[in-house]
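Enquirer: So I've got this file, start.txt, and it contains compact mmCIF, C-alpha atoms:
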# COMPACT_ATOMS: atom_id res chain seq x y z
CA MET X 16 92.29 129.80 11.58
CA VAL X 17 88.66 130.87 11.46
CA ASP X 18 86.55 129.03 8.96
CA VAL X 19 85.17 131.06 6.13
CA PHE X 20 81.58 130.02 6.88
CA ARG X 21 81.68 131.45 10.36
CA ALA X 22 83.40 134.58 9.08
CA ILE X 23 80.65 135.44 6.61
CA ALA X 24 77.79 134.35 8.87
CA ASP X 25 77.61 137.79 10.49
CA PRO X 26 75.85 140.73 8.78
CA THR X 27 78.34 143.32 10.07
CA ARG X 28 81.22 141.29 8.66
CA ARG X 29 79.42 140.97 5.34
CA ALA X 30 78.94 144.76 5.31
CA LEU X 31 82.68 145.19 5.92
CA LEU X 32 83.39 142.95 2.92
CA ASP X 33 80.87 144.95 0.84
CA GLU X 34 82.65 148.21 1.66
CA LEU X 35 86.09 146.76 0.91
CA THR X 36 84.70 145.54 -2.41
CA GLU X 37 83.67 149.11 -3.18
CA ARG X 38 87.09 150.50 -2.24
CA ASP X 39 90.01 148.29 -1.31
CA GLY X 40 92.58 149.49 1.21
CA GLN X 41 90.77 151.36 3.99
CA THR X 42 91.69 152.52 7.46
CA LEU X 43 89.68 151.36 10.47
CA PHE X 44 88.22 154.88 10.68
CA GLU X 45 86.94 154.82 7.10
CA LEU X 46 85.36 151.40 7.59
CA CYS X 47 83.66 152.54 10.82
CA SER X 48 82.38 155.68 9.06
CA ARG X 49 81.01 153.69 6.16
CA LEU X 50 79.22 151.21 8.42
CA ALA X 51 77.65 154.01 10.41
CA MET X 52 76.69 156.31 7.55
CA LYS X 53 75.78 153.79 4.85
CA HIS X 54 74.56 150.75 6.74
CA GLY X 55 73.20 152.33 9.90
CA LEU X 56 75.51 150.04 11.85
CA ALA X 57 77.25 151.70 14.74
CA PRO X 58 78.97 149.08 16.85
CA SER X 59 81.95 150.32 18.83
CA ARG X 60 85.25 150.78 17.07
CA GLN X 61 86.56 147.93 19.19
CA ALA X 62 83.76 145.63 18.05
CA ILE X 63 84.49 146.45 14.41
CA SER X 64 88.15 145.81 15.05
CA GLN X 65 87.22 142.37 16.41
CA HIS X 66 85.08 141.66 13.34
CA LEU X 67 88.07 142.56 11.17
CA ASP X 68 90.22 140.18 13.22
CA VAL X 69 87.76 137.36 12.46
CA LEU X 70 87.83 138.21 8.75
CA GLU X 71 91.61 138.32 8.87
CA GLY X 72 91.65 134.94 10.64
CA ALA X 73 89.64 133.50 7.75
CA GLY X 74 92.01 135.04 5.22
CA LEU X 75 89.31 137.31 3.79
CA VAL X 76 91.02 140.50 4.96
CA THR X 77 94.69 141.33 5.07
CA THR X 78 96.27 144.35 6.70
CA ARG X 79 99.12 146.37 5.32
CA ARG X 80 101.21 148.93 7.14
CA GLU X 81 102.30 151.89 5.09
CA GLY X 82 104.37 154.28 7.14
CA ARG X 83 102.31 155.13 10.19
CA TYR X 84 99.00 154.05 8.67
CA LYS X 85 97.33 150.66 8.60
CA PHE X 86 95.08 149.70 5.69
CA HIS X 87 92.68 146.77 5.31
CA HIS X 88 92.48 144.86 2.04
CA LEU X 89 90.01 142.33 0.70
CA ASP X 90 91.09 138.85 -0.36
CA THR X 91 88.20 136.83 -1.75
CA SER X 92 90.27 133.74 -2.55
CA PRO X 93 89.07 131.78 0.53
CA LEU X 94 85.54 131.95 -0.94
CA ARG X 95 86.70 129.56 -3.65
CA GLU X 96 86.39 126.81 -1.05
CA ILE X 97 82.62 127.24 -1.21
CA VAL X 98 82.23 126.65 -4.94
CA GLU X 99 84.83 123.91 -4.90
CA ARG X 100 82.83 122.11 -2.25
CA TRP X 101 79.44 122.76 -3.87
CA PRO X 102 80.16 123.47 -7.50
CA VAL X 103 77.91 126.01 -9.14
CA PRO X 104 76.69 124.80 -12.55
CA ASP X 105 77.69 127.05 -15.33
CA PRO X 106 74.47 128.47 -16.62
CA PRO X 107 74.28 132.10 -16.23
CA ARG X 108 71.85 134.88 -15.80
CA ARG X 109 70.43 134.37 -12.41
CA ASN X 110 69.90 137.19 -10.04
CA ARG X 111 72.55 137.37 -7.42
CA ARG X 112 71.79 137.20 -3.68
CA MET K 21 79.93 180.71 26.76
CA ARG K 22 81.35 180.23 23.29
CA ILE K 23 84.14 178.25 21.64
CA ASN K 24 86.87 180.64 20.52
CA LEU K 25 89.84 178.25 20.34
CA THR K 26 90.47 174.71 19.33
CA SER K 27 93.84 173.05 19.01
CA VAL K 28 95.93 170.48 17.24
CA LEU K 29 99.01 168.97 18.86
CA VAL K 30 101.94 169.47 16.49
CA ASP K 31 105.46 168.04 16.60
CA ASP K 32 107.10 171.24 15.29
CA GLN K 33 105.44 174.65 15.42
CA ALA K 34 107.43 176.23 12.58
CA LYS K 35 106.69 173.32 10.25
CA ALA K 36 103.05 173.34 11.36
CA LEU K 37 102.71 177.07 10.64
CA ARG K 38 104.03 176.49 7.12
CA PHE K 39 101.67 173.59 6.47
CA TYR K 40 98.56 175.20 7.95
CA THR K 41 99.17 178.51 6.10
CA ASP K 42 101.08 177.80 2.86
CA VAL K 43 99.38 174.48 2.13
CA LEU K 44 95.96 174.46 3.80
CA GLY K 45 95.49 178.23 3.35
CA PHE K 46 94.84 179.52 6.87
CA GLU K 47 96.38 182.80 8.09
CA LYS K 48 98.52 183.42 11.15
CA LYS K 49 96.55 185.30 13.82
CA THR K 50 98.83 185.41 16.86
CA GLU K 51 102.38 184.37 17.64
CA VAL K 52 103.60 185.06 21.16
CA PRO K 53 107.02 183.60 22.03
CA LEU K 54 106.90 181.64 25.30
CA GLY K 55 110.40 180.31 25.89
CA GLU K 56 110.99 177.16 23.89
CA HIS K 57 107.57 177.31 22.25
CA ALA K 58 105.09 179.96 21.22
CA TRP K 59 101.40 180.70 21.57
CA LEU K 60 100.61 180.28 17.90
CA THR K 61 97.20 180.44 16.27
CA VAL K 62 95.78 180.51 12.75
CA VAL K 63 92.36 181.47 11.41
CA SER K 64 90.46 180.97 8.21
CA PRO K 65 90.73 183.92 5.81
CA ASP K 66 86.99 183.44 5.34
CA ASP K 67 86.41 184.14 9.03
CA PRO K 68 89.39 186.06 10.48
CA ASP K 69 87.54 186.90 13.70
CA GLY K 70 86.22 183.36 14.05
CA THR K 71 87.47 180.35 15.98
CA GLU K 72 91.26 180.23 16.22
CA LEU K 73 93.19 177.02 15.73
CA VAL K 74 96.04 176.73 18.24
CA LEU K 75 99.13 174.97 16.86
CA GLU K 76 100.08 173.51 20.20
CA PRO K 77 103.35 171.69 20.94
CA ASP K 78 102.90 167.94 21.53
CA ALA K 79 105.74 167.86 24.06
CA HIS K 80 103.79 165.98 26.75
CA PRO K 81 105.08 162.38 26.85
CA ALA K 82 101.57 160.96 26.51
CA ALA K 83 100.90 162.91 23.32
CA GLY K 84 103.14 160.81 21.07
CA PRO K 85 101.59 157.40 21.78
CA PHE K 86 98.10 158.93 21.64
CA LYS K 87 98.72 160.57 18.26
CA ARG K 88 100.38 157.47 16.81
CA ALA K 89 97.45 155.28 17.86
CA LEU K 90 94.95 157.62 16.19
CA VAL K 91 96.99 157.80 12.98
CA GLU K 92 97.40 154.01 12.80
CA ASP K 93 93.63 153.59 12.85
CA GLY K 94 93.10 156.45 10.41
CA ILE K 95 91.25 158.60 12.95
CA PRO K 96 91.31 162.36 12.29
CA PHE K 97 92.25 164.63 15.19
CA THR K 98 89.77 167.24 13.99
CA SER K 99 87.71 168.22 10.97
CA PHE K 100 87.52 171.35 8.81
CA ALA K 101 84.58 172.44 6.68
CA VAL K 102 85.13 173.04 2.97
CA ASP K 103 82.71 173.87 0.16
CA ASP K 104 83.93 171.17 -2.20
CA VAL K 105 85.92 168.19 -0.91
CA ASP K 106 86.89 166.98 -4.41
CA ALA K 107 88.28 170.39 -5.38
CA GLU K 108 90.32 170.63 -2.16
CA TYR K 109 91.53 167.06 -2.61
CA ASN K 110 92.80 167.81 -6.11
CA ARG K 111 94.39 171.10 -5.03
CA LEU K 112 96.14 169.53 -2.02
CA VAL K 113 97.31 166.36 -3.80
CA ALA K 114 98.94 168.62 -6.41
CA LEU K 115 100.78 170.28 -3.50
CA GLY K 116 102.07 166.89 -2.36
CA VAL K 117 99.66 166.26 0.51
CA THR K 118 99.04 162.61 1.47
CA PHE K 119 95.46 161.45 1.98
CA THR K 120 94.57 158.27 3.88
CA GLN K 121 91.01 158.50 2.54
CA PRO K 122 90.05 160.09 -0.78
CA PRO K 123 86.74 161.97 -1.06
CA THR K 124 83.99 159.55 -0.07
CA GLU K 125 80.25 159.99 0.22
CA MET K 126 79.12 159.16 3.74
CA GLY K 127 75.39 159.67 3.62
CA ASP K 128 74.72 163.42 3.44
CA VAL K 129 78.32 164.39 3.81
CA VAL K 130 81.45 163.98 1.68
CA THR K 131 84.65 163.48 3.66
CA ALA K 132 88.34 162.98 3.01
CA VAL K 133 91.24 162.52 5.43
CA LEU K 134 94.72 164.02 5.02
CA ASP K 135 98.05 163.91 6.87
CA ASP K 136 99.10 167.29 8.30
CA THR K 137 102.81 166.22 8.40
CA CYS K 138 102.87 167.17 12.10
CA GLY K 139 101.61 163.83 13.40
CA ASN K 140 97.88 164.24 12.82
CA LEU K 141 95.21 163.23 10.37
CA ILE K 142 92.69 165.93 9.51
CA GLN K 143 89.25 165.38 8.02
CA LEU K 144 87.76 167.67 5.36
CA ALA K 145 83.98 167.61 5.20
CA ALA K 146 81.25 169.17 3.10
CA MET K 147 77.51 168.69 3.28
CA ARG K 148 76.16 167.43 -0.02
CA ARG K 149 73.90 169.95 -1.67
CA PRO K 150 70.36 168.77 -2.32
CA GLY K 151 70.12 167.40 -5.82
CA SER K 152 73.85 166.97 -6.27
How would this structure read if it were set down as structure tokens?
Expert:
Amino acid sequence: MVDVFRAIADPTRRALLDELTERDGQTLFELCSRLAMKHGLAPSRQAISQHLDVLEGAGLVTTRREGRYKFHHLDTSPLREIVERWPVPDPPRRNRR
Amino acid sequence: MRINLTSVLVDDQAKALRFYTDVLGFEKKTEVPLGEHAWLTVVSPDDPDGTELVLEPDAHPAAGPFKRALVEDGIPFTSFAVDDVDAEYNRLVALGVTFTQPPTEMGDVVTAVLDDTCGNLIQLAAMRRPGS
């Protein structure tokens, strides 16, 4: 089990989560294309695969086989640990990031 | 030197000919029987004297594991140019084609990835027009 803090500490892994937020259920190829074309990140396919393994280890990404294809899905539920540990007061309307 | 042929490795030439002509819309250019298989090529009706696509048997024992590994990771074997990826996507989905990636903007290009039913994924790509 990888802890969620280590999983999201890396900018490439955060970019992968951003892209899965935009469209859930992507092949490795689509994720690699998106990182290269939209984020200017071009690590090797193997490196991206390893990043996905870390995210999967933290429970943030799950993989699903459908026939001969393998798709990656986002699961944000492990992030709840963060706000449970350091509750965010209700009041609204603050810029994100 | 020029590139006059490119190929895809198909699991069944007759099925591949049907898919690449009836579904994708290419035209048969040559079919020369060679024993168990044939020398079989298709071309784009937009460019009948252009590059030929060889529908090549994937009989070599290494071809199967190679193709399966590419498909599992969603990696297209090759890519074809289209004018409008969304229009082709809608046309092909209506014909029952499976896509592993719907039309997606990737910087200056729009791409989609489909299954050719012969063991390959194929990318469709179009440059985005300025201002679109």
Enquirer: Taking all atoms listed in the file into account, which of X:Leu32, X:Ala73, X:Leu46, X:Met52 comes nearest X:Glu96?
Expert: X:Ala73
Enquirer: Mind giving me the straight-line distance from atom CA of X:Ala24 to atom CA of X:Arg49 in Å, one decimal?
Expert: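 Atom CA of X:Ala24 sits 19.8 Å away from atom CA of X:Arg49.
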Enquirer: Using all atoms listed in the file, give me every residue within 12 Å of (98.2, 163.2, 20.9) in file coordinates, as a PyMOL selection string.
Expert: chain K and resi 27-31+76-91+95-98+138-141
Enquirer: Any chance you can output those residues with C-alpha atoms as a PDB file, keeping the file's coordinate frame?
Expert:
ATOM      1  CA  SER K  27      93.840 173.050  19.010  1.00  0.00           C
ATOM      2  CA  VAL K  28      95.930 170.480  17.240  1.00  0.00           C
ATOM      3  CA  LEU K  29      99.010 168.970  18.860  1.00  0.00           C
ATOM      4  CA  VAL K  30     101.940 169.470  16.490  1.00  0.00           C
ATOM      5  CA  ASP K  31     105.460 168.040  16.600  1.00  0.00           C
ATOM      6  CA  GLU K  76     100.080 173.510  20.200  1.00  0.00           C
ATOM      7  CA  PRO K  77     103.350 171.690  20.940  1.00  0.00           C
ATOM      8  CA  ASP K  78     102.900 167.940  21.530  1.00  0.00           C
ATOM      9  CA  ALA K  79     105.740 167.860  24.060  1.00  0.00           C
ATOM     10  CA  HIS K  80     103.790 165.980  26.750  1.00  0.00           C
ATOM     11  CA  PRO K  81     105.080 162.380  26.850  1.00  0.00           C
ATOM     12  CA  ALA K  82     101.570 160.960  26.510  1.00  0.00           C
ATOM     13  CA  ALA K  83     100.900 162.910  23.320  1.00  0.00           C
ATOM     14  CA  GLY K  84     103.140 160.810  21.070  1.00  0.00           C
ATOM     15  CA  PRO K  85     101.590 157.400  21.780  1.00  0.00           C
ATOM     16  CA  PHE K  86      98.100 158.930  21.640  1.00  0.00           C
ATOM     17  CA  LYS K  87      98.720 160.570  18.260  1.00  0.00           C
ATOM     18  CA  ARG K  88     100.380 157.470  16.810  1.00  0.00           C
ATOM     19  CA  ALA K  89      97.450 155.280  17.860  1.00  0.00           C
ATOM     20  CA  LEU K  90      94.950 157.620  16.190  1.00  0.00           C
ATOM     21  CA  VAL K  91      96.990 157.800  12.980  1.00  0.00           C
ATOM     22  CA  ILE K  95      91.250 158.600  12.950  1.00  0.00           C
ATOM     23  CA  PRO K  96      91.310 162.360  12.290  1.00  0.00           C
ATOM     24  CA  PHE K  97      92.250 164.630  15.190  1.00  0.00           C
ATOM     25  CA  THR K  98      89.770 167.240  13.990  1.00  0.00           C
ATOM     26  CA  CYS K 138     102.870 167.170  12.100  1.00  0.00           C
ATOM     27  CA  GLY K 139     101.610 163.830  13.400  1.00  0.00           C
ATOM     28  CA  ASN K 140      97.880 164.240  12.820  1.00  0.00           C
ATOM     29  CA  LEU K 141      95.210 163.230  10.370  1.00  0.00           C
TER      30      LEU K 141
END
Enquirer: Go through chain K and flag each residue having an atom no more than 9 Å from chain X; for those, report the closest pair of atoms plus their distance in Å to one decimal, using only C-alpha atoms, ordered by chain and rising number, as CSV.
Expert:
residue,atom,partner,partner_atom,distance
K:Arg88,CA,X:Arg83,CA,7.3
K:Val91,CA,X:Tyr84,CA,6.1
K:Glu92,CA,X:Tyr84,CA,4.4
K:Asp93,CA,X:Leu43,CA,5.1
K:Gly94,CA,X:Thr42,CA,5.1
K:Ile95,CA,X:Phe44,CA,5.3
K:Pro96,CA,X:Phe44,CA,8.3
K:Thr120,CA,X:Thr42,CA,7.4
K:Gln121,CA,X:Glu45,CA,7.1
K:Glu125,CA,X:Arg49,CA,8.7
K:Met126,CA,X:Met52,CA,5.3
K:Gly127,CA,X:Met52,CA,5.3
K:Asp128,CA,X:Met52,CA,8.4
K:Val133,CA,X:Glu45,CA,9.0
Enquirer: Take the residues from that selection and put them in a file with C-alpha atoms, as a PDB file, keeping the file's coordinate frame.
Expert:
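File written: part-v3.pdb
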ATOM      1  CA  ARG K  88     100.380 157.470  16.810  1.00  0.00           C
ATOM      2  CA  VAL K  91      96.990 157.800  12.980  1.00  0.00           C
ATOM      3  CA  GLU K  92      97.400 154.010  12.800  1.00  0.00           C
ATOM      4  CA  ASP K  93      93.630 153.590  12.850  1.00  0.00           C
ATOM      5  CA  GLY K  94      93.100 156.450  10.410  1.00  0.00           C
ATOM      6  CA  ILE K  95      91.250 158.600  12.950  1.00  0.00           C
ATOM      7  CA  PRO K  96      91.310 162.360  12.290  1.00  0.00           C
ATOM      8  CA  THR K 120      94.570 158.270   3.880  1.00  0.00           C
ATOM      9  CA  GLN K 121      91.010 158.500   2.540  1.00  0.00           C
ATOM     10  CA  GLU K 125      80.250 159.990   0.220  1.00  0.00           C
ATOM     11  CA  MET K 126      79.120 159.160   3.740  1.00  0.00           C
ATOM     12  CA  GLY K 127      75.390 159.670   3.620  1.00  0.00           C
ATOM     13  CA  ASP K 128      74.720 163.420   3.440  1.00  0.00           C
ATOM     14  CA  VAL K 133      91.240 162.520   5.430  1.00  0.00           C
TER      15      VAL K 133
END
Enquirer: Rounded to one decimal in Å, what is the spacing between atom CA of K:Ala132 and atom CA of K:Ser64?
Expert: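 Computing it gives 18.8 Å between the two atoms.
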Enquirer: Determine the nearest neighbour of X:Asp25 from the options X:Ser92, X:Val76, X:Val69, X:Arg100, counting only C-alpha atoms.
Expert: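 With only C-alpha atoms as the atom set, the closest residue is X:Val69.
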Enquirer: If I take atom CA of K:Val130 and atom CA of K:Thr41, how far is one from the other in Å, to one decimal?
Expert: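 One can read the atom CA of K:Val130 to atom CA of K:Thr41 distance as 23.3 Å.
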Enquirer: Would you fill out stretch 115-135 of chain K with N, CA and C atoms and return it as a PDB file, keeping the file's coordinate frame?
Expert:
ATOM      1  N   LEU K 115      99.762 169.666  -4.359  1.00  0.00           N
ATOM      2  CA  LEU K 115     100.780 170.280  -3.500  1.00  0.00           C
ATOM      3  C   LEU K 115     101.581 169.232  -2.722  1.00  0.00           C
ATOM      4  N   GLY K 116     101.301 167.955  -2.989  1.00  0.00           N
ATOM      5  CA  GLY K 116     102.070 166.890  -2.360  1.00  0.00           C
ATOM      6  C   GLY K 116     101.501 166.361  -1.058  1.00  0.00           C
ATOM      7  N   VAL K 117     100.261 166.727  -0.741  1.00  0.00           N
ATOM      8  CA  VAL K 117      99.660 166.260   0.510  1.00  0.00           C
ATOM      9  C   VAL K 117      99.227 164.802   0.375  1.00  0.00           C
ATOM     10  N   THR K 118      99.449 164.017   1.440  1.00  0.00           N
ATOM     11  CA  THR K 118      99.040 162.610   1.470  1.00  0.00           C
ATOM     12  C   THR K 118      97.651 162.489   2.086  1.00  0.00           C
ATOM     13  N   PHE K 119      96.799 161.730   1.434  1.00  0.00           N
ATOM     14  CA  PHE K 119      95.460 161.450   1.980  1.00  0.00           C
ATOM     15  C   PHE K 119      95.386 159.971   2.364  1.00  0.00           C
ATOM     16  N   THR K 120      94.821 159.668   3.522  1.00  0.00           N
ATOM     17  CA  THR K 120      94.570 158.270   3.880  1.00  0.00           C
ATOM     18  C   THR K 120      93.182 157.842   3.417  1.00  0.00           C
ATOM     19  N   GLN K 121      92.336 158.816   3.092  1.00  0.00           N
ATOM     20  CA  GLN K 121      91.010 158.500   2.540  1.00  0.00           C
ATOM     21  C   GLN K 121      90.669 159.552   1.489  1.00  0.00           C
ATOM     22  N   PRO K 122      90.455 159.127   0.251  1.00  0.00           N
ATOM     23  CA  PRO K 122      90.050 160.090  -0.780  1.00  0.00           C
ATOM     24  C   PRO K 122      88.606 160.524  -0.540  1.00  0.00           C
ATOM     25  N   PRO K 123      88.124 161.515  -1.262  1.00  0.00           N
ATOM     26  CA  PRO K 123      86.740 161.970  -1.060  1.00  0.00           C
ATOM     27  C   PRO K 123      85.766 160.803  -1.161  1.00  0.00           C
ATOM     28  N   THR K 124      84.922 160.671  -0.154  1.00  0.00           N
ATOM     29  CA  THR K 124      83.990 159.550  -0.070  1.00  0.00           C
ATOM     30  C   THR K 124      82.646 160.053   0.420  1.00  0.00           C
ATOM     31  N   GLU K 125      81.588 159.622  -0.238  1.00  0.00           N
ATOM     32  CA  GLU K 125      80.250 159.990   0.220  1.00  0.00           C
ATOM     33  C   GLU K 125      79.894 159.153   1.425  1.00  0.00           C
ATOM     34  N   MET K 126      79.544 159.846   2.515  1.00  0.00           N
ATOM     35  CA  MET K 126      79.120 159.160   3.740  1.00  0.00           C
ATOM     36  C   MET K 126      77.731 159.678   4.071  1.00  0.00           C
ATOM     37  N   GLY K 127      76.729 159.127   3.409  1.00  0.00           N
ATOM     38  CA  GLY K 127      75.390 159.670   3.620  1.00  0.00           C
ATOM     39  C   GLY K 127      75.307 161.078   3.064  1.00  0.00           C
ATOM     40  N   ASP K 128      74.923 162.042   3.911  1.00  0.00           N
ATOM     41  CA  ASP K 128      74.720 163.420   3.440  1.00  0.00           C
ATOM     42  C   ASP K 128      75.982 164.242   3.418  1.00  0.00           C
ATOM     43  N   VAL K 129      77.098 163.622   3.732  1.00  0.00           N
ATOM     44  CA  VAL K 129      78.320 164.390   3.810  1.00  0.00           C
ATOM     45  C   VAL K 129      79.401 163.704   2.972  1.00  0.00           C
ATOM     46  N   VAL K 130      80.280 164.521   2.388  1.00  0.00           N
ATOM     47  CA  VAL K 130      81.450 163.980   1.680  1.00  0.00           C
ATOM     48  C   VAL K 130      82.653 164.283   2.557  1.00  0.00           C
ATOM     49  N   THR K 131      83.478 163.266   2.812  1.00  0.00           N
ATOM     50  CA  THR K 131      84.650 163.480   3.660  1.00  0.00           C
ATOM     51  C   THR K 131      85.901 162.959   2.967  1.00  0.00           C
ATOM     52  N   ALA K 132      87.033 163.494   3.401  1.00  0.00           N
ATOM     53  CA  ALA K 132      88.340 162.980   3.010  1.00  0.00           C
ATOM     54  C   ALA K 132      89.244 163.186   4.215  1.00  0.00           C
ATOM     55  N   VAL K 133      90.350 162.421   4.276  1.00  0.00           N
ATOM     56  CA  VAL K 133      91.240 162.520   5.430  1.00  0.00           C
ATOM     57  C   VAL K 133      92.680 162.687   4.940  1.00  0.00           C
ATOM     58  N   LEU K 134      93.348 163.726   5.453  1.00  0.00           N
ATOM     59  CA  LEU K 134      94.720 164.020   5.020  1.00  0.00           C
ATOM     60  C   LEU K 134      95.685 163.984   6.204  1.00  0.00           C
ATOM     61  N   ASP K 135      96.966 163.907   5.872  1.00  0.00           N
ATOM     62  CA  ASP K 135      98.050 163.910   6.870  1.00  0.00           C
ATOM     63  C   ASP K 135      98.618 165.321   6.959  1.00  0.00           C
TER      64      ASP K 135
END
